[in-house]
Amino acid sequence: MAHRSLNVVKAHWRFFSTLKPSAREVNSNSKMELKSVINALTRMTPEEMHKKMRDMVGLTDDDMKALAPLLDENDPGIFEHEPSPDDDVRTHVQVGDSQCLLTGYLKRRLEHIPGFPRPVKETGSAYRISSTLHRGIGMFAARRLKTGDLVADERPLMVFPMGPSTDLNVITPITKMTDEKRNNLLNCYSQEMMGSIFERMSEENQETFMGLYNGRLQNGPLLGVTRTNGYGLEDALKDETEIANLLSMMSSNNQVLKSMIGRYVAVFKDLSRVNHSCSPNVHRKFHMATFSMQLRAARDIEEGEEIFTYYTQILLPAVDRAEGLAPYGIECTCRACLDTAKSDPIRAAVLNYAPPALLTSDARIDAAVQILAKIEEEELQASAPYRDTLYHLFTAYALTRDEKSALMYGEKLWLANLAAGEPLCEMFRNAELLKKSPQWMSAELVAMPERLVSLWNSS
Ligand SMILES: [Zn+2]
């Protein structure tokens, strides 16, 4: 946690190097001195910079605590991994009612989390599962939900590895096979794996599982259901053993295999019912500490509205999204897919937008504001550029000491972070803390170069 906030501080203080004092305000002597101060600051480690900043502007311990991200209740804590012979050996693990096939490494990782598994959250009938007009069964908002509200928090029916065993004797021959042969072999492995997990599930969960939609009957009953309904858990739950890292490096020329090694998939009773939209209205995030996946509203959702997640990358052009959705047997009919001439250029602009390092000029702020408008119009609040753009606008206005605008975007950013399950920083929405934020203070000091130099020399 401390480490993370230090990086935040460092990122902000880099703005020193991007803020040029105006010649009018500084005589050439102090300009030279100011330049050396700025150079020294940008060369510092986060720890050094942190200490220097505190000394210069006289922040107290309480100030620093208030500026740091709030303690994240889902933080699994630090794990010092000591290699063990069974690190890469798979074993059946039960968490609550979830049946899982995990490596020895992951089993120990989970057991190391204080209070594991932490209780899942009650969402008090925020959603209902019922039939849709054209998409089979779906999830619907049972009441009005505001941005950031928790929609669902659910443990999986099962969790299983995406790829074959991380064993060199298994992987090495696979990397040399033709695509077809490899796929057949991987299917056999997966069938076997699924069978062993399925037989451990309660009768009720087996029934629930078999009741999920199977859009891939050619894969058989078990594998078909998991391929249709599984969510990849990505970095939230993965093997980080030496062999997994090594294998991942070795298969760098085989993207399919690389994307599987050390990775896991989870199937859920309710969450697996959530349909796809290219403008999803929720974020989903798996938390190791609760061993559950949370859905949070990415924007305000009306009562009765269908809840949508994404099964493919939503910023890509419609033709690429269709390709990503084909394996699920989905032909998307969302607004964006029905009017690609309008939607594709907007998505391309959002995808290709890169905020400049120095964002304080009016033209650049305008560009960021326009991208934000496109994101909101196209309902892409669940995509990463939404939070990035808000962060840059907050920073730009804090650096120009425009309190009202900084807090306006900061409040949206705070909510977007809540929705995405990211750490929360109160300085984004609190006027008093905003003025102690690194952005605000660096702007203040650079606007008064003499003060900056004297503070530097005296601290
Ligand atoms: Zn679509």
# chains A, B, ... in the order shown; residues from 1 in each chain; ligands from 1
>>> select_by_dssp(residues="range 41-211 of chain A", states="strand (DSSP E or B)", output="compact mmCIF listing (two decimals) with C-alpha atoms, in the first residue's frame")
# COMPACT_ATOMS: atom_id res chain seq x y z
CA ARG A 90 -2.39 -29.36 -9.53
CA THR A 91 -4.64 -30.28 -6.67
CA HIS A 92 -8.37 -30.09 -5.91
CA VAL A 93 -9.26 -27.21 -3.62
CA GLN A 94 -12.69 -26.35 -2.24
CA VAL A 95 -13.45 -22.74 -1.26
CA SER A 98 -16.55 -23.61 -5.22
CA GLN A 99 -14.72 -26.62 -6.61
CA CYS A 100 -11.31 -25.71 -8.02
CA LEU A 101 -8.27 -27.27 -9.59
CA LEU A 102 -5.31 -25.12 -8.56
CA THR A 103 -1.54 -25.47 -8.29
CA TYR A 127 -30.59 -7.95 -9.70
CA ARG A 128 -32.86 -10.66 -11.02
CA ILE A 129 -32.23 -13.42 -13.55
CA SER A 130 -34.92 -13.78 -16.22
CA SER A 131 -35.59 -14.33 -19.90
CA ILE A 137 -31.57 -15.75 -20.13
CA GLY A 138 -30.00 -12.56 -18.78
CA MET A 139 -29.42 -10.46 -15.67
CA PHE A 140 -31.56 -7.36 -14.97
CA ALA A 141 -31.36 -4.51 -12.47
CA LEU A 145 -28.36 1.48 -9.50
CA LEU A 150 -22.40 -3.22 -6.15
CA VAL A 151 -24.66 -5.25 -8.43
CA ALA A 152 -23.47 -8.77 -7.58
CA ASP A 153 -20.77 -10.53 -5.58
CA GLU A 154 -20.56 -14.25 -6.28
CA MET A 158 -15.83 -23.98 -10.40
CA VAL A 159 -12.35 -22.65 -11.19
CA PHE A 160 -9.98 -24.51 -13.44
CA PRO A 161 -6.70 -23.95 -15.30
>>> residues_around(residues="Ala420 in chain A", least_positions_apart="3", cutoff="8 Å", atoms="only C-alpha atoms", output="ChimeraX atom specification")
/A:148,283-285,296,298,382,416-417
>>> write_last_selection(atoms="N, CA and C atoms", output="compact mmCIF listing (two decimals), in the first residue's frame")
# COMPACT_ATOMS: atom_id res chain seq x y z
N GLY A 148 -20.98 2.87 -9.54
CA GLY A 148 -20.18 2.38 -8.41
C GLY A 148 -20.93 1.40 -7.52
N HIS A 283 -18.67 -3.08 -14.51
CA HIS A 283 -17.30 -3.60 -14.44
C HIS A 283 -17.37 -4.95 -13.75
N ARG A 284 -16.51 -5.87 -14.12
CA ARG A 284 -16.40 -7.10 -13.33
C ARG A 284 -14.97 -7.25 -12.86
N LYS A 285 -14.84 -7.71 -11.61
CA LYS A 285 -13.49 -7.88 -11.06
C LYS A 285 -13.48 -9.03 -10.07
N ARG A 296 -19.92 -4.13 -10.57
CA ARG A 296 -20.33 -2.80 -10.11
C ARG A 296 -20.80 -1.96 -11.29
N ALA A 298 -21.04 0.64 -13.96
CA ALA A 298 -20.08 1.54 -14.58
C ALA A 298 -20.73 2.89 -14.90
N ALA A 382 -17.02 1.64 -19.08
CA ALA A 382 -16.36 0.46 -18.50
C ALA A 382 -14.98 0.23 -19.13
N ALA A 416 -15.63 6.45 -10.77
CA ALA A 416 -15.18 5.49 -11.79
C ALA A 416 -14.22 4.48 -11.15
N ASN A 417 -13.37 4.94 -10.23
CA ASN A 417 -12.47 4.03 -9.52
C ASN A 417 -13.25 3.08 -8.63
>>> residues_near_ligand(ligand="ligand 1", cutoff="12 Å", atoms="only C-alpha atoms and all ligand atoms", output="MDAnalysis selection string")
chainID A and resid 275:280 308:326 330:340 343:344 347 378:380
>>> residues_around(residues="His287 in chain A", least_positions_apart="4", cutoff="7 Å", atoms="only C-alpha atoms", output="ChimeraX atom specification")
/A:74,236,291-293
>>> write_last_selection(atoms="N, CA and C atoms", output="mmCIF file, in the first residue's frame")
data_model
loop_
_atom_site.group_PDB
_atom_site.id
_atom_site.type_symbol
_atom_site.label_atom_id
_atom_site.label_comp_id
_atom_site.auth_asym_id
_atom_site.auth_seq_id
_atom_site.Cartn_x
_atom_site.Cartn_y
_atom_site.Cartn_z
ATOM 1 N N ASN A 74 -10.290 -5.457 -0.069
ATOM 2 C CA ASN A 74 -10.033 -6.665 -0.859
ATOM 3 C C ASN A 74 -8.549 -6.945 -1.058
ATOM 4 N N ALA A 236 -5.950 -11.532 -11.787
ATOM 5 C CA ALA A 236 -6.537 -11.608 -10.447
ATOM 6 C C ALA A 236 -6.241 -12.937 -9.766
ATOM 7 N N PHE A 291 -12.543 -14.585 -2.833
ATOM 8 C CA PHE A 291 -12.667 -15.635 -3.846
ATOM 9 C C PHE A 291 -14.003 -15.476 -4.585
ATOM 10 N N SER A 292 -14.269 -14.239 -4.975
ATOM 11 C CA SER A 292 -15.551 -13.958 -5.627
ATOM 12 C C SER A 292 -15.356 -12.900 -6.704
ATOM 13 N N MET A 293 -16.326 -12.856 -7.622
ATOM 14 C CA MET A 293 -16.300 -11.822 -8.645
ATOM 15 C C MET A 293 -17.381 -10.796 -8.340
#
>>> atom_distance(atom1="CA of Asp62 in chain A", atom2="CA of Arg401 in chain A")
23.0 Å
>>> select_by_dssp(residues="range 197-402 of chain A", states="helix (DSSP H, G or I)", output="ChimeraX atom specification")
/A:197-198,203-211,217-219,221-229,234-236,242-250,255-258,271-273,318-328,335-338,340-352,362-377,384-399
>>> closest_residue(among="A:Ile113, A:Glu207, A:Ser361, A:Lys121", to="Gly77 in chain A", atoms="only C-alpha atoms")
A:Ile113
>>> residues_around(residues="range 371-376 of chain A", least_positions_apart="3", cutoff="8 Å", atoms="only C-alpha atoms", output="PDB file with C-alpha atoms, in the first residue's frame")
ATOM      1  CA  ILE A 346     -15.727   7.167 -32.255  1.00  0.00           C
ATOM      2  CA  ALA A 349     -10.633   7.941 -31.595  1.00  0.00           C
ATOM      3  CA  VAL A 350     -11.028   6.735 -27.988  1.00  0.00           C
ATOM      4  CA  TYR A 353      -6.212   8.915 -27.778  1.00  0.00           C
ATOM      5  CA  ALA A 367      -9.002  17.464 -26.740  1.00  0.00           C
ATOM      6  CA  ALA A 368      -9.356  15.512 -23.483  1.00  0.00           C
ATOM      7  CA  GLU A 379     -21.304   4.511 -23.317  1.00  0.00           C
ATOM      8  CA  LEU A 380     -17.753   3.245 -22.906  1.00  0.00           C
ATOM      9  CA  GLN A 381     -17.463   4.048 -19.191  1.00  0.00           C
ATOM     10  CA  TYR A 386     -12.562   6.618 -19.249  1.00  0.00           C
ATOM     11  CA  THR A 389      -9.066  10.706 -19.349  1.00  0.00           C
ATOM     12  CA  LEU A 390     -10.720  11.741 -16.074  1.00  0.00           C
TER      13      LEU A 390
END
>>> residues_around(residues="Ile301 in chain A", least_positions_apart="6", cutoff="9 Å", atoms="only C-alpha atoms", output="VMD selection string")
chain A and resid 141 143 to 147 281 307
>>> write_last_selection(atoms="N, CA and C atoms", output="mmCIF file, in the first residue's frame")
data_model
loop_
_atom_site.group_PDB
_atom_site.id
_atom_site.type_symbol
_atom_site.label_atom_id
_atom_site.label_comp_id
_atom_site.auth_asym_id
_atom_site.auth_seq_id
_atom_site.Cartn_x
_atom_site.Cartn_y
_atom_site.Cartn_z
ATOM 1 N N ALA A 141 -31.383 -5.308 -13.698
ATOM 2 C CA ALA A 141 -31.357 -4.506 -12.470
ATOM 3 C C ALA A 141 -32.728 -4.590 -11.820
ATOM 4 N N ARG A 143 -33.470 -2.845 -9.151
ATOM 5 C CA ARG A 143 -33.769 -1.496 -8.674
ATOM 6 C C ARG A 143 -32.825 -0.536 -9.377
ATOM 7 N N ARG A 144 -33.031 0.760 -9.142
ATOM 8 C CA ARG A 144 -32.168 1.744 -9.785
ATOM 9 C C ARG A 144 -30.770 1.636 -9.162
ATOM 10 N N LEU A 145 -29.736 1.609 -9.993
ATOM 11 C CA LEU A 145 -28.361 1.482 -9.501
ATOM 12 C C LEU A 145 -27.559 2.708 -9.928
ATOM 13 N N LYS A 146 -26.789 3.245 -8.985
ATOM 14 C CA LYS A 146 -25.968 4.408 -9.314
ATOM 15 C C LYS A 146 -24.539 3.945 -9.623
ATOM 16 N N THR A 147 -23.802 4.766 -10.373
ATOM 17 C CA THR A 147 -22.410 4.442 -10.710
ATOM 18 C C THR A 147 -21.647 4.015 -9.455
ATOM 19 N N ASN A 281 -22.572 -2.067 -19.123
ATOM 20 C CA ASN A 281 -22.895 -1.096 -18.062
ATOM 21 C C ASN A 281 -22.350 -1.498 -16.694
ATOM 22 N N ILE A 307 -28.423 -6.016 -17.471
ATOM 23 C CA ILE A 307 -27.017 -5.842 -17.093
ATOM 24 C C ILE A 307 -26.165 -6.497 -18.179
#
>>> atom_distance(atom1="CA of Asn229 in chain A", atom2="CA of Asn253 in chain A")
27.9 Å
>>> residues_around(residues="Leu222 in chain A", least_positions_apart="6", cutoff="12 Å", atoms="only C-alpha atoms", output="PyMOL selection string")
chain A and resi 158+187-188+190-199+206-207+209-216+228-230+267
>>> write_last_selection(atoms="N, CA and C atoms", output="PDB file, in the first residue's frame")
ATOM      1  N   MET A 158     -17.107 -23.295 -10.222  1.00  0.00           N
ATOM      2  CA  MET A 158     -15.830 -23.984 -10.401  1.00  0.00           C
ATOM      3  C   MET A 158     -14.772 -23.058 -10.980  1.00  0.00           C
ATOM      4  N   ASN A 187      -8.176 -30.196 -25.856  1.00  0.00           N
ATOM      5  CA  ASN A 187      -9.572 -30.526 -25.546  1.00  0.00           C
ATOM      6  C   ASN A 187      -9.656 -31.778 -24.688  1.00  0.00           C
ATOM      7  N   CYS A 188      -8.842 -32.795 -25.039  1.00  0.00           N
ATOM      8  CA  CYS A 188      -8.842 -34.030 -24.243  1.00  0.00           C
ATOM      9  C   CYS A 188      -8.438 -33.740 -22.806  1.00  0.00           C
ATOM     10  N   SER A 190      -8.661 -30.940 -21.216  1.00  0.00           N
ATOM     11  CA  SER A 190      -9.695 -30.136 -20.552  1.00  0.00           C
ATOM     12  C   SER A 190     -10.883 -31.006 -20.156  1.00  0.00           C
ATOM     13  N   GLN A 191     -11.295 -31.928 -21.048  1.00  0.00           N
ATOM     14  CA  GLN A 191     -12.410 -32.830 -20.743  1.00  0.00           C
ATOM     15  C   GLN A 191     -12.135 -33.587 -19.448  1.00  0.00           C
ATOM     16  N   GLU A 192     -10.905 -34.114 -19.376  1.00  0.00           N
ATOM     17  CA  GLU A 192     -10.515 -34.929 -18.230  1.00  0.00           C
ATOM     18  C   GLU A 192     -10.562 -34.084 -16.948  1.00  0.00           C
ATOM     19  N   MET A 193     -10.009 -32.857 -17.074  1.00  0.00           N
ATOM     20  CA  MET A 193      -9.957 -31.934 -15.944  1.00  0.00           C
ATOM     21  C   MET A 193     -11.368 -31.593 -15.463  1.00  0.00           C
ATOM     22  N   MET A 194     -12.223 -31.231 -16.433  1.00  0.00           N
ATOM     23  CA  MET A 194     -13.599 -30.850 -16.094  1.00  0.00           C
ATOM     24  C   MET A 194     -14.322 -31.977 -15.367  1.00  0.00           C
ATOM     25  N   GLY A 195     -14.130 -33.193 -15.892  1.00  0.00           N
ATOM     26  CA  GLY A 195     -14.798 -34.353 -15.304  1.00  0.00           C
ATOM     27  C   GLY A 195     -14.444 -34.496 -13.837  1.00  0.00           C
ATOM     28  N   SER A 196     -13.149 -34.345 -13.529  1.00  0.00           N
ATOM     29  CA  SER A 196     -12.708 -34.555 -12.148  1.00  0.00           C
ATOM     30  C   SER A 196     -13.234 -33.446 -11.231  1.00  0.00           C
ATOM     31  N   ILE A 197     -13.422 -32.246 -11.763  1.00  0.00           N
ATOM     32  CA  ILE A 197     -13.972 -31.152 -10.940  1.00  0.00           C
ATOM     33  C   ILE A 197     -15.482 -31.352 -10.776  1.00  0.00           C
ATOM     34  N   PHE A 198     -16.134 -31.671 -11.895  1.00  0.00           N
ATOM     35  CA  PHE A 198     -17.591 -31.803 -11.899  1.00  0.00           C
ATOM     36  C   PHE A 198     -18.054 -32.856 -10.888  1.00  0.00           C
ATOM     37  N   GLU A 199     -17.353 -33.988 -10.822  1.00  0.00           N
ATOM     38  CA  GLU A 199     -17.817 -35.067  -9.924  1.00  0.00           C
ATOM     39  C   GLU A 199     -17.697 -34.691  -8.446  1.00  0.00           C
ATOM     40  N   GLN A 206     -24.209 -29.221  -9.686  1.00  0.00           N
ATOM     41  CA  GLN A 206     -24.084 -29.939 -10.967  1.00  0.00           C
ATOM     42  C   GLN A 206     -25.278 -29.612 -11.866  1.00  0.00           C
ATOM     43  N   GLU A 207     -26.440 -29.586 -11.233  1.00  0.00           N
ATOM     44  CA  GLU A 207     -27.661 -29.306 -11.987  1.00  0.00           C
ATOM     45  C   GLU A 207     -27.633 -27.868 -12.531  1.00  0.00           C
ATOM     46  N   PHE A 209     -25.034 -26.056 -13.099  1.00  0.00           N
ATOM     47  CA  PHE A 209     -23.997 -25.998 -14.137  1.00  0.00           C
ATOM     48  C   PHE A 209     -24.527 -26.514 -15.473  1.00  0.00           C
ATOM     49  N   MET A 210     -25.185 -27.677 -15.436  1.00  0.00           N
ATOM     50  CA  MET A 210     -25.679 -28.272 -16.678  1.00  0.00           C
ATOM     51  C   MET A 210     -26.833 -27.457 -17.271  1.00  0.00           C
ATOM     52  N   GLY A 211     -27.449 -26.599 -16.448  1.00  0.00           N
ATOM     53  CA  GLY A 211     -28.540 -25.762 -16.930  1.00  0.00           C
ATOM     54  C   GLY A 211     -28.056 -24.514 -17.652  1.00  0.00           C
ATOM     55  N   LEU A 212     -26.741 -24.225 -17.569  1.00  0.00           N
ATOM     56  CA  LEU A 212     -26.204 -23.055 -18.266  1.00  0.00           C
ATOM     57  C   LEU A 212     -26.210 -23.318 -19.767  1.00  0.00           C
ATOM     58  N   TYR A 213     -26.220 -22.233 -20.526  1.00  0.00           N
ATOM     59  CA  TYR A 213     -26.302 -22.351 -21.979  1.00  0.00           C
ATOM     60  C   TYR A 213     -25.035 -23.000 -22.541  1.00  0.00           C
ATOM     61  N   ASN A 214     -25.194 -23.912 -23.469  1.00  0.00           N
ATOM     62  CA  ASN A 214     -24.048 -24.508 -24.150  1.00  0.00           C
ATOM     63  C   ASN A 214     -24.066 -24.105 -25.618  1.00  0.00           C
ATOM     64  N   GLY A 215     -23.266 -23.114 -25.955  1.00  0.00           N
ATOM     65  CA  GLY A 215     -23.221 -22.621 -27.328  1.00  0.00           C
ATOM     66  C   GLY A 215     -22.156 -23.332 -28.135  1.00  0.00           C
ATOM     67  N   ARG A 216     -21.494 -24.326 -27.495  1.00  0.00           N
ATOM     68  CA  ARG A 216     -20.398 -25.013 -28.181  1.00  0.00           C
ATOM     69  C   ARG A 216     -20.547 -26.514 -27.994  1.00  0.00           C
ATOM     70  N   THR A 228     -18.545 -21.662 -23.049  1.00  0.00           N
ATOM     71  CA  THR A 228     -19.587 -20.661 -23.314  1.00  0.00           C
ATOM     72  C   THR A 228     -19.708 -19.683 -22.143  1.00  0.00           C
ATOM     73  N   ASN A 229     -19.490 -20.178 -20.918  1.00  0.00           N
ATOM     74  CA  ASN A 229     -19.838 -19.384 -19.727  1.00  0.00           C
ATOM     75  C   ASN A 229     -18.671 -18.931 -18.867  1.00  0.00           C
ATOM     76  N   GLY A 230     -17.466 -19.396 -19.206  1.00  0.00           N
ATOM     77  CA  GLY A 230     -16.332 -19.097 -18.329  1.00  0.00           C
ATOM     78  C   GLY A 230     -15.808 -17.685 -18.512  1.00  0.00           C
ATOM     79  N   VAL A 267     -16.552 -20.408 -13.756  1.00  0.00           N
ATOM     80  CA  VAL A 267     -17.948 -20.454 -14.210  1.00  0.00           C
ATOM     81  C   VAL A 267     -18.839 -20.157 -13.005  1.00  0.00           C
TER      82      VAL A 267
END
>>> residues_around(residues="range 175-177 of chain A", least_positions_apart="6", cutoff="8 Å", atoms="only C-alpha atoms", output="PyMOL selection string")
chain A and resi 251+254+257
>>> write_last_selection(atoms="N, CA and C atoms", output="mmCIF file, in the first residue's frame")
data_model
loop_
_atom_site.group_PDB
_atom_site.id
_atom_site.type_symbol
_atom_site.label_atom_id
_atom_site.label_comp_id
_atom_site.auth_asym_id
_atom_site.auth_seq_id
_atom_site.Cartn_x
_atom_site.Cartn_y
_atom_site.Cartn_z
ATOM 1 N N SER A 251 6.923 -19.733 -24.805
ATOM 2 C CA SER A 251 5.871 -19.827 -25.815
ATOM 3 C C SER A 251 5.486 -18.456 -26.353
ATOM 4 N N ASN A 254 3.863 -18.310 -29.584
ATOM 5 C CA ASN A 254 2.578 -18.993 -29.716
ATOM 6 C C ASN A 254 1.584 -18.325 -28.762
ATOM 7 N N LEU A 257 -1.086 -20.392 -26.726
ATOM 8 C CA LEU A 257 -0.526 -21.132 -25.599
ATOM 9 C C LEU A 257 -0.097 -20.165 -24.485
#
